[in-house]
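Before any comments, here is the structure.
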Amino acid sequence: MALTIYNTLAREKQVFEPIDRTNVRMYVCGPTVYDFAHIGNARPVIVFDVLFRLLRHLYGEKHVTYVRNITDVEDKIIARAAERHVSIRELTEGTAKIYQEDALALGCLKPTIEPRVTDTMAEIVAMIEQLVRNNHAYAAEGHVLFHVPSDPDYGKLSRRPLDEMIAGARVEVAPYKKNPMDFVLWKPSTGEQPGWDSPWGKGRPGWHIECSAMSEKHLGETFDIHAGGIDLIFPHHENEIAQSEGAHHGKPIANYWMHNGFLQVEGEKMSKSLGNFITIRELLAEKKFGGEQWHGLVLRHAMLSTHYRQPIDWTLDRLTRSRTELMDWARLLHDVAPSADLHEDVLAPLSDDLNTPAAYAALHRMAAAARTNQEDRAHFKRALVFLGLYDNQKDADFLVGQSVDAARVEELIAKRGAARKAKDFKEADRIRAELSSMGVAIEDGPGGTTWKVMS
RNA sequence: GGCCACGUGGCGGAGUGGUUACGCAACGGUCUGCAAAACCGUGUACCCCGGUUCAAUUCCGGGCGUGGCCUCCA
């Protein structure tokens with residue numbers, strides 16, 4: 001089965017052909033750890049985790065290297081640390097830890113490597129020196145800048161003509177820039193600002209160079225897939241290409257570029273000013289969205305119900321439905337042993353540019369079959385586990401922060417059973433209503449009365 | 001202002017130059033003390049206007065709407 005990927009560089013779907021089948025390499029731009037990650041940040045984390053899982057399935061677990069960086073040097077970090085009167089280290093360590101916990105709660109596998117900018121400083125300096133030697137960069141007033149006109153291919157990812165960008169530039173151009181488009185590779189640090197020694201004095205890296213340096217360090221000069229949010233296409237990814245390919249004499253940095261679409265909340269742009277800004281942590285642990293807490297796998301299920309390149313509207317309705325469905329599946333699959341092989345009906349749509357909604361159609365067929373057949377249950381469970389959507393939870397586990405007194409429920413069910421036996425249906429219905437008011441639904445089946453928590 | 005993406009039935013959401021997924025909700029039925037679950041059945045949608053074509057939701061052009069980038073926000 002051929003894997004096809006929509007390559008932003010080519011603006012078309014292409015058959016994926018790895019450089020080295022025994023070491024397939026992917027890089028995803030991770031967070032700048034100055035604050036909690038929001039739900040929009042969760043999208044690439046989840047989506048490209050599915051890609052990681054798929055590649056591991058296709059090429060073998062030991063033959064895929066997934067790098068997701070943590071950017072722990074950046075001006076927003078400096079500002080935030082000063083605001084809170086904590087050290088930069090304290091801020092970045094704490095934020096990075098929460099990010100990693102969030103990713104785990106969202107059902108994501110740990111990346112192979114999670115490099116930090118602060119551990120990559122020597123490589124960053126070396127790459128900048130190489131760019132200077134290759135006449136792609138110049139030093140000026142303690143800064144080192146990438147000279148955009150030195151790269152005739154500049155703009156090939158975002159497909160923006162240079163002259164147009166310069167014309168549209170709204171920022172004041174720093175006087176030391178040879179060209180308005182030139183961007184910073186290294187900038188001087190003074191006073192309290194974190195800094196590292198370099199040939200250009202004490203300073204710190206610009207925004208884009210860290211990804212070029214970290215990807216080269218861990219994946220080599222050319223690797224297979226580079227991914228991130230669509231808003232990173234310009235300028236971040238464009239500049240990464242310019243840096244890496246400038247340093248490596250034109251060798252491509254990555255063969256395939258993948259970008260996930262944007263997320264909105266209840267039909268509006270998520271922003272602090274609109275008051276609809278929502279972090280992953282708030283969804284998981286606080287009752288801030290719809291007055292409820294949400295299980296990480298419910299969030300994952302909701303996120304994957306739209307194709308990754310489409311815009312997604314993050315709504316309460318979507319989460320509620322995702323939870324209901326997951327609970328239904330859990331009732332079917334709890335304690336079922338998964339089958340060894342992954343069903344082709346799920347694999348095929350995933351292999352078509354991660355078409356998760358089409359894969360979900362297959363899951364629904366499998367769910368229907370699983371209701372009557374043990375073998376189908378095993379296949380269905382295998383598929384859900386593969387997608388990271390299920391890890392043997394009970395249905396009520398997906399109702400976070402709600403608790404039901406199980407002993408009391410069982411007691412009422414027994415009383416109702418006695419009333420039914422005595423044909424006192426009025427009393428039986430009263431007890432049903434009482435349970436219902438507790439949020440418990442009951443079902444009389446051939447094996448007795450079962451109950452579930454209503455979502 | 002420039003560039004780009006998206007606009008599918010009540011809702012979510014794939015996909016396709018002709019045979020129109022899938023899920024939720026709704027409605028009808030079987031079953032049930034009543035229900036629920038399960039099962040069976042019902043519902044012909046593709047923003048607007050032109051164009052190409054035997055045929056367009058699908059291709060092209062224009063418009064409208066929503067969003068993104070151009071301003072170190074994924």
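So you can find residues: chains in the structure tokens are A, B, ... in the order shown, residues in each start at 1, and ligands are numbered from 1 in order.
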
key: Those in range 36-132 of chain A with alpha helix (DSSP H) from DSSP, as a count of residues only   = 61

Write out as a tab-separated table the residues of chain B that have any atom within 12 Å of an atom of chain A, one row each with the nearest atom pair and its distance in Å to one decimal, counting only C-alpha atoms (C1' of nucleotides), sorted by chain and then rising number.
residue	atom	partner	partner_atom	distance
B:G1	C1'	A:Gly168	CA	8.4
B:G2	C1'	A:Gly168	CA	6.9
B:C3	C1'	A:Arg160	CA	7.2
B:C4	C1'	A:Ser158	CA	9.1
B:A5	C1'	A:Gln310	CA	8.6
B:C6	C1'	A:Pro311	CA	7.1
B:G7	C1'	A:Pro311	CA	11.1
B:C11	C1'	A:Asp317	CA	9.0
B:G12	C1'	A:Arg318	CA	7.3
B:G13	C1'	A:Thr306	CA	6.8
B:A14	C1'	A:Ala358	CA	5.6
B:G15	C1'	A:Ala358	CA	9.1
B:A21	C1'	A:Ala361	CA	7.7
B:C22	C1'	A:Ala361	CA	4.5
B:G23	C1'	A:His364	CA	7.6
B:C24	C1'	A:Arg321	CA	7.2
B:A25	C1'	A:Arg321	CA	10.7
B:C31	C1'	A:Gly445	CA	11.5
B:U32	C1'	A:Asp444	CA	8.9
B:G33	C1'	A:Phe425	CA	6.9
B:C34	C1'	A:Asp429	CA	7.6
B:A35	C1'	A:Glu443	CA	7.9
B:A36	C1'	A:Glu443	CA	5.2
B:A37	C1'	A:Glu443	CA	7.0
B:A38	C1'	A:Arg371	CA	8.4
B:C39	C1'	A:Ala368	CA	10.4
B:U66	C1'	A:Gly267	CA	8.7
B:G67	C1'	A:Lys269	CA	7.8
B:G68	C1'	A:Asp231	CA	7.0
B:C69	C1'	A:Asp231	CA	6.5
B:C70	C1'	A:Gly168	CA	6.7
B:U71	C1'	A:Val171	CA	7.0
B:C72	C1'	A:Trp207	CA	5.8
B:C73	C1'	A:Asp231	CA	8.2
B:A74	C1'	A:Gly229	CA	4.3
